[in-house]
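> Following this message is one structure expressed as structure tokens.
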Amino acid sequence: MSLFIFILVLTVLILVIINRAVTRKHNAICTSKLKLKEKTAVITGGTAGIGQQIALDLATRGARIIIASPFEDEGINARNEIIRKSGNEDVVYKFLDLASLQSIRKFAADINESEQHLHILVNNAGVGIPGDFKTDDGMNFIMQVNYYGHFLLTLLLLPLLKKSGTKLEASRIINMSSITRFIASFDIDNYNRTGYWSLLRIYSNSKLSLVLFSHELTKKLVGQHVIVNCADPGFASTKIYESYINFVGKIVRVLINVICKNTWEGAQTPIHMAVDQEAGKVSGQIFSNCKMNSSSMWNEVDKLSGMLWKQSVKLVSIDEKDISKILS
């Protein structure tokens, strides 16, 4: 029996190694050598996981990096590590809690006051499925952190992004979606409810929301030298899986790291979107494995994105006149 178990374990390990080798061959890597000197990038959730890998890469290219997170110790440690590995001292950590509209407004006001330019905004921060409850702002926690908070942040930073973009080189907004968008609901009227959806469906709805937001914002930014696209990083080993069941999540994370992608590999598509010349010419699209997906989307996407936009404006309490001024 012991010999049988040994052979079985050995066989499984060999299969995993083979699968990993095959998978890695298909995991695209950003090949651009573009330097980003005199460019500024904001990365939400840039203090850990995929976000930190994005921040490190852009810092290595010479950009001024602003990483944002509600975890101060993690933020300071990430800043120090990015500086050490990249040799770029121009890395800043700023506090941002996407579960608080007040925090988002304070962060955006700080950026708009302290920064002369903003060329790249990576809306990367997110939570998995920690629970189904409302924030103090009256929004579903998962939806606010993953989508509604980024909706408000993006609008508040748009004037600076517009100012920084040019006809030859548009400013870039990168929203981190997920393959789970395909199992999201189109019942947008109930997106913000608690006690209504399964936790996985809430997460999926938040990731589809970022796709619909990118589509709608693209329509509103025609000719304004700002593009907005979605990144699908694929299955990458991040702490987000630990929000399912802590112990099980850790096992899942290890397996994903072995079989699918680590955080560096998961960061390659958003990095590609931030620096590739051709990627800077399209908007409202979804990228995966460093390539643009088919431009075809769901039926009635204009209707759905319009509905979500109106709902989002209401929930984040931003005046229509202010939006008109931002978009003009």
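By order in the structure tokens, chains are A, B, ...; within a chain, residues start at 1; ligands start at 1, following the order shown.
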Quick check for you: according to DSSP on this backbone, which residues of stretch 134-313 of chain A are classed as helix (DSSP H, G or I)? Reply as a VMD selection string.

chain A and resid 141 to 164 179 to 183 188 to 190 199 to 220 239 to 243 246 to 259 263 to 266 268 to 275 278 to 281 301 to 313

> So what do you get for atom CA of A:Val127 versus atom CA of A:Gly49, distance-wise?

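Answer for the atom CA of A:Val127 to atom CA of A:Gly49 separation: 12.0 Å.
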
> Excluding A:Phe141 and any residue of its chain fewer than 4 positions from it, enumerate the residues within 8 Å of it, using only C-alpha atoms, and give them as a list in words.

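Using only C-alpha atoms, the neighbours found are Ala99, Gly131, Asp132, Phe133, Lys134, Thr135 and Val145 of chain A.
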
> Selected residues, all heavy atoms, written as a short mmCIF file (atom, residue, chain, number, x, y, z; two decimals), in the first residue's frame, please.


```cif
data_model
loop_
_atom_site.label_atom_id
_atom_site.label_comp_id
_atom_site.auth_asym_id
_atom_site.auth_seq_id
_atom_site.Cartn_x
_atom_site.Cartn_y
_atom_site.Cartn_z
N ALA A 99 -14.12 51.63 1.02
CA ALA A 99 -15.39 51.39 1.68
C ALA A 99 -15.94 52.65 2.32
O ALA A 99 -16.97 52.62 3.01
CB ALA A 99 -15.24 50.29 2.73
N GLY A 131 -18.11 38.87 3.19
CA GLY A 131 -19.42 38.88 3.83
C GLY A 131 -20.41 39.74 3.07
O GLY A 131 -20.04 40.50 2.18
N ASP A 132 -21.68 39.58 3.40
CA ASP A 132 -22.77 40.29 2.72
C ASP A 132 -23.35 41.31 3.69
O ASP A 132 -24.29 41.03 4.44
CB ASP A 132 -23.83 39.28 2.27
CG ASP A 132 -24.93 39.92 1.44
OD1 ASP A 132 -24.79 41.10 1.07
OD2 ASP A 132 -25.94 39.24 1.20
N PHE A 133 -22.79 42.52 3.69
CA PHE A 133 -23.23 43.55 4.61
C PHE A 133 -23.03 44.92 3.97
O PHE A 133 -22.36 45.04 2.95
CB PHE A 133 -22.45 43.46 5.93
CG PHE A 133 -20.96 43.51 5.78
CD1 PHE A 133 -20.27 44.72 5.82
CD2 PHE A 133 -20.22 42.34 5.58
CE1 PHE A 133 -18.89 44.77 5.67
CE2 PHE A 133 -18.84 42.38 5.44
CZ PHE A 133 -18.18 43.59 5.48
N LYS A 134 -23.61 45.93 4.60
CA LYS A 134 -23.53 47.29 4.05
C LYS A 134 -22.44 48.11 4.74
O LYS A 134 -22.13 47.90 5.91
CB LYS A 134 -24.88 48.00 4.18
CG LYS A 134 -25.93 47.49 3.20
CD LYS A 134 -27.14 48.39 3.18
CE LYS A 134 -28.18 47.91 2.17
NZ LYS A 134 -27.73 48.07 0.79
N THR A 135 -21.89 49.05 3.99
CA THR A 135 -20.92 50.00 4.55
C THR A 135 -21.68 51.13 5.24
O THR A 135 -22.91 51.21 5.17
CB THR A 135 -20.05 50.60 3.44
OG1 THR A 135 -20.89 51.39 2.57
CG2 THR A 135 -19.39 49.51 2.60
N VAL A 145 -16.34 48.42 -2.49
CA VAL A 145 -14.88 48.34 -2.56
C VAL A 145 -14.42 48.01 -3.99
O VAL A 145 -13.49 48.62 -4.51
CB VAL A 145 -14.33 47.29 -1.57
CG1 VAL A 145 -12.83 47.08 -1.78
CG2 VAL A 145 -14.61 47.71 -0.14
#
```

> Please, which residues in stretch 26-83 of chain A fall within 10 Å of stretch 168-184 of chain A when counting only C-alpha atoms, and what is the closest atom pair and distance in Å to one decimal for each, ordered by chain then residue number, as a tab-separated table?


```
residue	atom	partner	partner_atom	distance
A:Lys39	CA	A:Ser171	CA	10.0
A:Ala41	CA	A:Arg172	CA	9.4
A:Val42	CA	A:Ile173	CA	9.7
A:Ile43	CA	A:Ile174	CA	9.4
A:Gly51	CA	A:Met176	CA	9.8
```

> Report the distance between atom CA of A:Lys85 and atom CA of A:Asp73 in Å, rounded to one decimal place.

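According to the coordinates, atom CA of A:Lys85 and atom CA of A:Asp73 are separated by 18.4 Å.
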
> Which one is closest to A:Leu161: A:Cys30, A:Ile54, A:Ala267, A:His117? Count only C-alpha atoms.

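Checking each of A:Cys30, A:Ile54, A:Ala267, A:His117 against A:Leu161, counting only C-alpha atoms, the winner is A:His117.
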